[in-house]
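Student: Quick one, protein_17.cif (mmCIF, N, CA and C atoms):
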```cif
data_protein
#
loop_
_atom_site.label_atom_id
_atom_site.label_comp_id
_atom_site.auth_asym_id
_atom_site.auth_seq_id
_atom_site.Cartn_x
_atom_site.Cartn_y
_atom_site.Cartn_z
N MET B 906 33.65 6.30 -29.88
CA MET B 906 33.97 4.99 -30.36
C MET B 906 35.37 4.59 -29.88
N LYS B 907 35.50 3.34 -29.45
CA LYS B 907 36.77 2.86 -28.92
C LYS B 907 37.73 2.50 -30.05
N SER B 908 39.02 2.73 -29.77
CA SER B 908 40.05 2.38 -30.75
C SER B 908 40.27 0.86 -30.73
N LYS B 909 41.00 0.35 -31.73
CA LYS B 909 41.31 -1.07 -31.78
C LYS B 909 42.08 -1.48 -30.52
N GLY B 910 43.02 -0.64 -30.10
CA GLY B 910 43.80 -0.93 -28.90
C GLY B 910 42.94 -1.05 -27.65
N GLN B 911 41.97 -0.16 -27.51
CA GLN B 911 41.07 -0.21 -26.36
C GLN B 911 40.20 -1.47 -26.40
N ARG B 912 39.72 -1.84 -27.58
CA ARG B 912 38.91 -3.06 -27.71
C ARG B 912 39.74 -4.30 -27.39
N GLU B 913 40.96 -4.35 -27.92
CA GLU B 913 41.84 -5.50 -27.67
C GLU B 913 42.20 -5.58 -26.19
N SER B 914 42.49 -4.45 -25.58
CA SER B 914 42.85 -4.41 -24.17
C SER B 914 41.70 -4.93 -23.32
N LYS B 915 40.48 -4.46 -23.60
CA LYS B 915 39.30 -4.93 -22.87
C LYS B 915 39.11 -6.42 -23.04
N LYS B 916 39.30 -6.91 -24.26
CA LYS B 916 39.15 -8.34 -24.54
C LYS B 916 40.15 -9.16 -23.71
N HIS B 917 41.39 -8.70 -23.65
CA HIS B 917 42.40 -9.41 -22.87
C HIS B 917 42.13 -9.32 -21.36
N GLU B 918 41.67 -8.17 -20.90
CA GLU B 918 41.32 -8.02 -19.48
C GLU B 918 40.16 -8.94 -19.12
N ASP B 919 39.14 -9.01 -19.97
CA ASP B 919 38.00 -9.91 -19.72
C ASP B 919 38.45 -11.36 -19.67
N ARG B 920 39.31 -11.75 -20.62
CA ARG B 920 39.82 -13.14 -20.66
C ARG B 920 40.61 -13.46 -19.40
N LEU B 921 41.48 -12.55 -19.00
CA LEU B 921 42.31 -12.76 -17.81
C LEU B 921 41.45 -12.81 -16.55
N ALA B 922 40.47 -11.94 -16.46
CA ALA B 922 39.57 -11.94 -15.30
C ALA B 922 38.86 -13.28 -15.18
N LYS B 923 38.39 -13.82 -16.27
CA LYS B 923 37.71 -15.11 -16.26
C LYS B 923 38.67 -16.23 -15.83
N LYS B 924 39.90 -16.20 -16.34
CA LYS B 924 40.89 -17.24 -16.01
C LYS B 924 41.25 -17.26 -14.53
N VAL B 925 41.31 -16.08 -13.89
CA VAL B 925 41.73 -16.02 -12.48
C VAL B 925 40.54 -15.94 -11.52
N GLY B 926 39.33 -16.04 -12.06
CA GLY B 926 38.16 -15.97 -11.20
C GLY B 926 37.94 -14.60 -10.61
N GLY B 927 38.28 -13.58 -11.39
CA GLY B 927 38.15 -12.21 -10.90
C GLY B 927 37.20 -11.39 -11.74
N GLN B 928 37.32 -10.08 -11.60
CA GLN B 928 36.47 -9.15 -12.34
C GLN B 928 37.32 -8.06 -12.95
N ARG B 929 36.90 -7.59 -14.09
CA ARG B 929 37.54 -6.46 -14.74
C ARG B 929 37.06 -5.20 -14.03
N SER B 930 37.97 -4.30 -13.72
CA SER B 930 37.62 -3.06 -13.04
C SER B 930 37.08 -2.05 -14.04
N ALA B 931 35.97 -1.42 -13.70
CA ALA B 931 35.40 -0.37 -14.56
C ALA B 931 36.41 0.76 -14.69
N GLY B 932 36.52 1.31 -15.88
CA GLY B 932 37.43 2.43 -16.09
C GLY B 932 38.89 2.04 -15.97
N SER B 933 39.18 0.75 -16.09
CA SER B 933 40.56 0.25 -15.99
C SER B 933 41.25 0.74 -14.73
N GLY B 934 40.56 0.68 -13.61
CA GLY B 934 41.17 1.01 -12.33
C GLY B 934 41.31 2.49 -12.06
N ALA B 935 40.58 3.32 -12.79
CA ALA B 935 40.71 4.77 -12.64
C ALA B 935 40.07 5.30 -11.35
N PHE B 936 39.21 4.51 -10.72
CA PHE B 936 38.53 4.96 -9.50
C PHE B 936 39.37 4.62 -8.27
N TRP B 937 39.36 5.49 -7.29
CA TRP B 937 40.21 5.30 -6.11
C TRP B 937 39.88 4.01 -5.36
N SER B 938 38.64 3.55 -5.43
CA SER B 938 38.24 2.37 -4.66
C SER B 938 38.46 1.05 -5.40
N ARG B 939 38.74 1.09 -6.69
CA ARG B 939 38.91 -0.14 -7.49
C ARG B 939 40.11 0.01 -8.40
N LYS B 940 41.30 -0.16 -7.84
CA LYS B 940 42.52 -0.01 -8.62
C LYS B 940 42.80 -1.26 -9.43
N GLY B 941 43.68 -1.12 -10.41
CA GLY B 941 44.06 -2.24 -11.26
C GLY B 941 43.03 -2.49 -12.35
N ASP B 942 43.44 -3.24 -13.36
CA ASP B 942 42.54 -3.56 -14.47
C ASP B 942 41.69 -4.79 -14.16
N VAL B 943 42.28 -5.74 -13.43
CA VAL B 943 41.59 -6.99 -13.07
C VAL B 943 41.86 -7.27 -11.60
N ARG B 944 40.81 -7.68 -10.90
CA ARG B 944 40.94 -8.00 -9.47
C ARG B 944 40.38 -9.39 -9.23
N SER B 945 41.14 -10.20 -8.53
CA SER B 945 40.63 -11.48 -8.05
C SER B 945 40.74 -11.44 -6.54
N GLN B 946 40.39 -12.52 -5.91
CA GLN B 946 40.44 -12.57 -4.45
C GLN B 946 41.86 -12.33 -3.93
N ASP B 947 42.87 -12.79 -4.69
CA ASP B 947 44.24 -12.70 -4.20
C ASP B 947 45.19 -11.91 -5.09
N MET B 948 44.73 -11.39 -6.23
CA MET B 948 45.61 -10.68 -7.15
C MET B 948 45.03 -9.36 -7.61
N LEU B 949 45.92 -8.41 -7.84
CA LEU B 949 45.58 -7.15 -8.48
C LEU B 949 46.44 -7.08 -9.73
N ILE B 950 45.79 -7.06 -10.89
CA ILE B 950 46.50 -7.18 -12.16
C ILE B 950 46.35 -5.90 -12.97
N GLU B 951 47.47 -5.37 -13.36
CA GLU B 951 47.52 -4.27 -14.32
C GLU B 951 47.85 -4.91 -15.65
N HIS B 952 47.04 -4.66 -16.68
CA HIS B 952 47.25 -5.32 -17.96
C HIS B 952 47.61 -4.31 -19.04
N LYS B 953 48.62 -4.65 -19.85
CA LYS B 953 49.04 -3.79 -20.96
C LYS B 953 48.92 -4.60 -22.25
N TRP B 954 48.38 -3.96 -23.27
CA TRP B 954 48.28 -4.60 -24.58
C TRP B 954 48.87 -3.66 -25.62
N THR B 955 49.61 -4.23 -26.53
CA THR B 955 50.09 -3.47 -27.68
C THR B 955 50.10 -4.40 -28.88
N GLY B 956 49.83 -3.87 -30.01
CA GLY B 956 49.89 -4.65 -31.24
C GLY B 956 51.31 -4.73 -31.77
N LYS B 957 52.25 -4.19 -31.03
CA LYS B 957 53.65 -4.15 -31.45
C LYS B 957 54.43 -5.31 -30.86
N ALA B 958 55.67 -5.45 -31.28
CA ALA B 958 56.52 -6.54 -30.82
C ALA B 958 57.24 -6.22 -29.51
N SER B 959 57.08 -5.00 -29.00
CA SER B 959 57.74 -4.64 -27.74
C SER B 959 56.99 -3.49 -27.08
N PHE B 960 57.26 -3.33 -25.80
CA PHE B 960 56.79 -2.15 -25.08
C PHE B 960 57.73 -1.93 -23.91
N THR B 961 57.72 -0.74 -23.36
CA THR B 961 58.62 -0.38 -22.27
C THR B 961 57.88 -0.51 -20.94
N VAL B 962 58.52 -1.16 -19.99
CA VAL B 962 57.98 -1.26 -18.64
C VAL B 962 58.75 -0.25 -17.79
N LYS B 963 58.04 0.72 -17.28
CA LYS B 963 58.68 1.75 -16.46
C LYS B 963 58.55 1.40 -14.98
N ALA B 964 59.56 1.77 -14.23
CA ALA B 964 59.57 1.50 -12.80
C ALA B 964 58.33 2.08 -12.12
N ALA B 965 57.88 3.24 -12.56
CA ALA B 965 56.71 3.89 -11.95
C ALA B 965 55.46 3.01 -12.07
N VAL B 966 55.30 2.31 -13.20
CA VAL B 966 54.14 1.42 -13.38
C VAL B 966 54.22 0.26 -12.41
N LEU B 967 55.41 -0.35 -12.30
CA LEU B 967 55.58 -1.48 -11.37
C LEU B 967 55.39 -1.04 -9.92
N GLU B 968 55.97 0.09 -9.55
CA GLU B 968 55.84 0.60 -8.19
C GLU B 968 54.38 0.89 -7.85
N LYS B 969 53.64 1.44 -8.82
CA LYS B 969 52.22 1.77 -8.60
C LYS B 969 51.40 0.51 -8.35
N ILE B 970 51.55 -0.51 -9.18
CA ILE B 970 50.76 -1.73 -9.00
C ILE B 970 51.16 -2.45 -7.71
N VAL B 971 52.44 -2.43 -7.36
CA VAL B 971 52.87 -3.06 -6.11
C VAL B 971 52.25 -2.34 -4.92
N GLU B 972 52.31 -1.02 -4.92
CA GLU B 972 51.74 -0.25 -3.81
C GLU B 972 50.24 -0.47 -3.68
N GLU B 973 49.53 -0.41 -4.81
CA GLU B 973 48.07 -0.59 -4.78
C GLU B 973 47.70 -2.00 -4.33
N ALA B 974 48.44 -2.99 -4.78
CA ALA B 974 48.14 -4.37 -4.40
C ALA B 974 48.39 -4.60 -2.92
N ILE B 975 49.48 -4.09 -2.41
CA ILE B 975 49.80 -4.27 -0.99
C ILE B 975 48.74 -3.60 -0.12
N LEU B 976 48.32 -2.41 -0.50
CA LEU B 976 47.27 -1.71 0.26
C LEU B 976 45.95 -2.47 0.22
N ASP B 977 45.77 -3.30 -0.79
CA ASP B 977 44.54 -4.07 -0.97
C ASP B 977 44.71 -5.54 -0.57
N SER B 978 45.86 -5.87 0.04
CA SER B 978 46.18 -7.24 0.48
C SER B 978 46.08 -8.25 -0.67
N ARG B 979 46.63 -7.87 -1.81
CA ARG B 979 46.63 -8.74 -2.99
C ARG B 979 48.04 -8.83 -3.56
N MET B 980 48.26 -9.85 -4.40
CA MET B 980 49.54 -10.01 -5.08
C MET B 980 49.55 -9.12 -6.32
N PRO B 981 50.60 -8.30 -6.49
CA PRO B 981 50.69 -7.46 -7.68
C PRO B 981 51.14 -8.27 -8.90
N VAL B 982 50.44 -8.08 -10.01
CA VAL B 982 50.77 -8.78 -11.25
C VAL B 982 50.68 -7.79 -12.40
N LEU B 983 51.68 -7.82 -13.27
CA LEU B 983 51.61 -7.05 -14.51
C LEU B 983 51.40 -8.06 -15.62
N GLY B 984 50.25 -7.99 -16.28
CA GLY B 984 49.96 -8.86 -17.42
C GLY B 984 50.15 -8.07 -18.69
N PHE B 985 50.68 -8.73 -19.72
CA PHE B 985 50.85 -8.03 -20.99
C PHE B 985 50.79 -9.01 -22.15
N SER B 986 50.44 -8.48 -23.30
CA SER B 986 50.32 -9.28 -24.53
C SER B 986 51.26 -8.69 -25.57
N LEU B 987 52.08 -9.56 -26.15
CA LEU B 987 52.98 -9.17 -27.23
C LEU B 987 52.91 -10.23 -28.32
N ASN B 988 52.75 -9.80 -29.56
CA ASN B 988 52.72 -10.73 -30.69
C ASN B 988 51.77 -11.90 -30.45
N ASN B 989 50.59 -11.62 -29.93
CA ASN B 989 49.55 -12.64 -29.68
C ASN B 989 49.95 -13.69 -28.65
N GLU B 990 50.89 -13.36 -27.78
CA GLU B 990 51.26 -14.25 -26.67
C GLU B 990 51.04 -13.48 -25.38
N ASN B 991 50.54 -14.16 -24.35
CA ASN B 991 50.23 -13.51 -23.08
C ASN B 991 51.28 -13.86 -22.03
N TYR B 992 51.68 -12.86 -21.26
CA TYR B 992 52.71 -13.03 -20.23
C TYR B 992 52.24 -12.36 -18.94
N VAL B 993 52.86 -12.75 -17.83
CA VAL B 993 52.66 -12.05 -16.57
C VAL B 993 54.02 -11.82 -15.93
N MET B 994 54.11 -10.72 -15.17
CA MET B 994 55.33 -10.38 -14.46
C MET B 994 54.97 -10.26 -12.99
N LEU B 995 55.79 -10.91 -12.15
CA LEU B 995 55.59 -10.90 -10.70
C LEU B 995 56.83 -10.34 -10.04
N THR B 996 56.71 -9.94 -8.78
CA THR B 996 57.91 -9.62 -8.02
C THR B 996 58.65 -10.94 -7.78
N GLU B 997 59.94 -10.86 -7.57
CA GLU B 997 60.72 -12.07 -7.34
C GLU B 997 60.22 -12.81 -6.10
N ASP B 998 59.91 -12.09 -5.03
CA ASP B 998 59.41 -12.74 -3.81
C ASP B 998 58.12 -13.52 -4.08
N ASP B 999 57.19 -12.93 -4.82
CA ASP B 999 55.94 -13.63 -5.14
C ASP B 999 56.19 -14.83 -6.03
N PHE B 1000 57.09 -14.68 -7.01
CA PHE B 1000 57.44 -15.81 -7.88
C PHE B 1000 58.02 -16.96 -7.05
N LEU B 1001 58.96 -16.67 -6.17
CA LEU B 1001 59.58 -17.72 -5.36
C LEU B 1001 58.58 -18.37 -4.41
N GLU B 1002 57.66 -17.58 -3.86
CA GLU B 1002 56.62 -18.13 -2.99
C GLU B 1002 55.70 -19.06 -3.78
N LEU B 1003 55.28 -18.64 -4.97
CA LEU B 1003 54.44 -19.49 -5.80
C LEU B 1003 55.17 -20.77 -6.20
N ARG B 1004 56.45 -20.66 -6.52
CA ARG B 1004 57.25 -21.82 -6.90
C ARG B 1004 57.35 -22.80 -5.74
N SER B 1005 57.59 -22.28 -4.56
CA SER B 1005 57.69 -23.14 -3.38
C SER B 1005 56.37 -23.84 -3.10
N THR B 1006 55.27 -23.10 -3.19
CA THR B 1006 53.95 -23.69 -2.97
C THR B 1006 53.65 -24.76 -4.01
N LEU B 1007 53.99 -24.49 -5.24
CA LEU B 1007 53.79 -25.46 -6.31
C LEU B 1007 54.59 -26.73 -6.05
N GLN B 1008 55.83 -26.57 -5.64
CA GLN B 1008 56.66 -27.73 -5.35
C GLN B 1008 56.10 -28.54 -4.19
N GLU B 1009 55.62 -27.88 -3.16
CA GLU B 1009 55.05 -28.57 -2.01
C GLU B 1009 53.84 -29.40 -2.40
N HIS B 1010 53.02 -28.88 -3.31
CA HIS B 1010 51.76 -29.53 -3.66
C HIS B 1010 51.86 -30.52 -4.81
N THR B 1011 52.90 -30.41 -5.64
CA THR B 1011 52.96 -31.27 -6.81
C THR B 1011 54.13 -32.24 -6.82
N CYS B 1012 54.98 -32.16 -5.85
CA CYS B 1012 56.20 -32.96 -5.90
C CYS B 1012 56.24 -34.01 -4.79
N THR B 1013 55.17 -34.72 -4.57
CA THR B 1013 55.16 -35.72 -3.51
C THR B 1013 56.06 -36.90 -3.84
N ASN B 1014 56.20 -37.25 -5.11
CA ASN B 1014 57.07 -38.35 -5.52
C ASN B 1014 58.32 -37.84 -6.22
N GLN B 1015 58.76 -36.70 -5.80
CA GLN B 1015 59.85 -36.03 -6.48
C GLN B 1015 61.20 -36.63 -6.13
N ILE B 1016 62.07 -36.61 -7.10
CA ILE B 1016 63.45 -37.05 -6.91
C ILE B 1016 64.23 -35.86 -6.39
N SER B 1017 65.10 -36.09 -5.40
CA SER B 1017 65.94 -35.02 -4.88
C SER B 1017 67.36 -35.23 -5.38
N VAL B 1018 68.09 -34.15 -5.47
CA VAL B 1018 69.50 -34.21 -5.82
C VAL B 1018 70.29 -33.60 -4.68
N THR B 1019 71.53 -34.03 -4.54
CA THR B 1019 72.40 -33.47 -3.51
C THR B 1019 73.31 -32.45 -4.17
N THR B 1020 73.32 -31.24 -3.62
CA THR B 1020 74.16 -30.19 -4.18
C THR B 1020 75.59 -30.38 -3.70
N LYS B 1021 76.52 -29.63 -4.28
CA LYS B 1021 77.92 -29.76 -3.88
C LYS B 1021 78.15 -29.34 -2.43
N ASP B 1022 77.23 -28.58 -1.86
CA ASP B 1022 77.33 -28.18 -0.46
C ASP B 1022 76.76 -29.23 0.48
N GLY B 1023 76.22 -30.31 -0.07
CA GLY B 1023 75.65 -31.36 0.76
C GLY B 1023 74.18 -31.18 1.05
N ASP B 1024 73.58 -30.09 0.57
CA ASP B 1024 72.15 -29.86 0.75
C ASP B 1024 71.38 -30.70 -0.27
N THR B 1025 70.13 -31.00 0.05
CA THR B 1025 69.28 -31.67 -0.94
C THR B 1025 68.34 -30.63 -1.54
N ALA B 1026 68.09 -30.80 -2.81
CA ALA B 1026 67.22 -29.88 -3.53
C ALA B 1026 66.35 -30.69 -4.47
N PRO B 1027 65.16 -30.21 -4.76
CA PRO B 1027 64.30 -30.93 -5.70
C PRO B 1027 64.93 -30.97 -7.09
N SER B 1028 64.74 -32.05 -7.76
CA SER B 1028 65.21 -32.19 -9.13
C SER B 1028 64.16 -31.67 -10.08
N ALA B 1029 64.58 -31.15 -11.21
CA ALA B 1029 63.63 -30.69 -12.23
C ALA B 1029 63.20 -31.85 -13.12
N GLU B 1030 63.69 -33.05 -12.83
CA GLU B 1030 63.32 -34.22 -13.63
C GLU B 1030 61.82 -34.42 -13.59
N GLY B 1031 61.24 -34.65 -14.72
CA GLY B 1031 59.80 -34.88 -14.79
C GLY B 1031 59.00 -33.62 -14.98
N TRP B 1032 59.64 -32.46 -14.83
CA TRP B 1032 58.94 -31.18 -15.03
C TRP B 1032 59.03 -30.81 -16.49
N THR B 1033 57.92 -30.44 -17.08
CA THR B 1033 57.89 -30.07 -18.49
C THR B 1033 57.39 -28.65 -18.63
N PRO B 1034 58.24 -27.75 -19.14
CA PRO B 1034 57.77 -26.38 -19.34
C PRO B 1034 56.77 -26.32 -20.48
N ASN B 1035 55.89 -25.32 -20.44
CA ASN B 1035 54.90 -25.14 -21.49
C ASN B 1035 55.38 -24.06 -22.44
N PHE B 1036 56.03 -24.49 -23.52
CA PHE B 1036 56.51 -23.55 -24.53
C PHE B 1036 55.69 -23.65 -25.80
N GLY B 1037 54.41 -23.83 -25.69
CA GLY B 1037 53.55 -23.90 -26.86
C GLY B 1037 53.19 -25.34 -27.18
N THR B 1038 52.48 -25.51 -28.25
CA THR B 1038 52.06 -26.84 -28.64
C THR B 1038 53.25 -27.62 -29.17
N PRO B 1039 53.19 -28.96 -29.18
CA PRO B 1039 54.32 -29.75 -29.68
C PRO B 1039 54.71 -29.35 -31.12
N GLN B 1040 53.74 -28.94 -31.91
CA GLN B 1040 54.03 -28.54 -33.28
C GLN B 1040 54.86 -27.24 -33.31
N GLU B 1041 54.67 -26.39 -32.28
CA GLU B 1041 55.39 -25.12 -32.24
C GLU B 1041 56.78 -25.27 -31.63
N THR B 1042 57.00 -26.32 -30.84
CA THR B 1042 58.26 -26.51 -30.13
C THR B 1042 59.25 -27.20 -31.06
N LYS B 1043 60.42 -26.61 -31.20
CA LYS B 1043 61.45 -27.18 -32.04
C LYS B 1043 62.62 -27.62 -31.17
N THR B 1044 63.26 -28.70 -31.55
CA THR B 1044 64.40 -29.21 -30.80
C THR B 1044 65.68 -28.70 -31.43
N ASN B 1045 66.60 -28.24 -30.61
CA ASN B 1045 67.89 -27.79 -31.10
C ASN B 1045 68.77 -29.01 -31.33
N THR B 1046 69.09 -29.30 -32.58
CA THR B 1046 69.90 -30.48 -32.90
C THR B 1046 71.36 -30.12 -33.07
N ASN B 1047 71.72 -28.87 -32.82
CA ASN B 1047 73.11 -28.44 -32.97
C ASN B 1047 73.89 -28.50 -31.68
N GLN B 1048 73.55 -29.41 -30.81
CA GLN B 1048 74.26 -29.47 -29.51
C GLN B 1048 75.39 -30.44 -29.55
#
```
Kindly return the structure encoded in the file as structure tokens.
Tutor:
Amino acid sequence: MKSKGQRESKKHEDRLAKKVGGQRSAGSGAFWSRKGDVRSQDMLIEHKWTGKASFTVKAAVLEKIVEEAILDSRMPVLGFSLNNENYVMLTEDDFLELRSTLQEHTCTNQISVTTKDGDTAPSAEGWTPNFGTPQETKTNTNQ
């Protein structure tokens, strides 16, 4: 019989696989030919779940998923759930590449700003971060 943690982990892996158009790996990536917990066409995702408010990310876990993803020509992603909220961790290079691609595709009418060096850079004006529902988002009035 599976523990609550194993059931919750499987549930989160199934949800993530569906969201990214991928598949959950049998045995949570324990087989040499199917590494990672979730695989999509372009990502290899290792997923961690804990019912606690924190967990430790060890360099060995990150190095392992990066190595396996590169060997499989996929982007390495560490997905994790804490306090009923889902997060993903990317390498900085992958994050910056995704950000650049997003800006190229979504910022056709974007306002640019001139930096003190004379370079132009996209403005964050009009961009709205997703920090939960409006009811959950509170405004700091002590500014």
Student: One number please: CA of Leu1007 in chain B to CA of Lys916 in chain B, in Å, one decimal.
Tutor: 29.0 Å
Student: What would the selection look like, as a list in words, if the PyMOL selection byres ((chain B and resi 958-975) around 8) were run on the coordinates I just shared?
Tutor: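 Selected by the PyMOL selection byres ((chain B and resi 958-975) around 8) here: Lys940, Gly941, Met948, Leu949, Ile950, Glu951, Thr955, Gly956, Lys957, Leu976, Asp977, Ser978, Arg979, Met980, Pro981, Val982, Leu983, Ser986, Leu987, Asn988 and Asn989 of chain B.
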Student: Each residue of range 943-1004 of chain B with at least one atom at most 8 Å from range 920-923 of chain B should appear once, together with its nearest atom pair and the corresponding distance in Å (one decimal); atoms considered: all atoms listed in the file; ordering: chain, then increasing residue number; output as a tab-separated table.
Tutor:
```
residue	atom	partner	partner_atom	distance
B:Val943	CA	B:Ala922	CA	5.8
B:Arg944	N	B:Ala922	CA	6.2
B:Ser945	N	B:Ala922	CA	7.2
```
Student: I need the residues from that last selection saved to file as a compact mmCIF listing (two decimals), in the frame of the given file (with N, CA and C atoms), if you can.
Tutor:
```txt
# COMPACT_ATOMS: atom_id res chain seq x y z
N VAL B 943 42.28 -5.74 -13.43
CA VAL B 943 41.59 -6.99 -13.07
C VAL B 943 41.86 -7.27 -11.60
N ARG B 944 40.81 -7.68 -10.90
CA ARG B 944 40.94 -8.00 -9.47
C ARG B 944 40.38 -9.39 -9.23
N SER B 945 41.14 -10.20 -8.53
CA SER B 945 40.63 -11.48 -8.05
C SER B 945 40.74 -11.44 -6.54
```
Student: Around all the atoms of range 965-968 of chain B listed in the file, with 5 Å of room on each side, what axis-aligned box do you get, giving centre and edge lengths in Å to one decimal, as AutoDock Vina command-line options?
Tutor:
```
--center_x 56.0 --center_y 1.2 --center_z -10.6 --size_x 13.7 --size_y 15.4 --size_z 15.5
```
Student: Check the DSSP output for the backbone and give back, as an MDAnalysis selection string, the residues of range 915-999 of chain B in strand (DSSP E or B).
Tutor: chainID B and resid 928:929 936 939 943:944 948:954 980:987 990:994
Student: Based on DSSP run over this structure's backbone, return all residues of range 948-991 of chain B in alpha helix (DSSP H), as a PyMOL selection string.
Tutor: chain B and resi 964-976
Student: So which one's closest to Gly984 in chain B, B:Gln1008, B:Gly910, B:Asp999, B:Lys953? Using all atoms listed in the file, please.
Tutor: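 Comparing B:Gln1008, B:Gly910, B:Asp999, B:Lys953 against Gly984 in chain B, the winner is B:Lys953.
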Student: So how many Å separate CA of Ser914 in chain B and CA of Gly926 in chain B, to one decimal?
Tutor: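 That distance, rounded to one decimal, is 18.0 Å.
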Student: Can you measure atom N of Ser930 in chain B to atom C of Ser1005 in chain B for me? One decimal in Å is fine.
Tutor: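 Computing it gives 28.9 Å between the two atoms.
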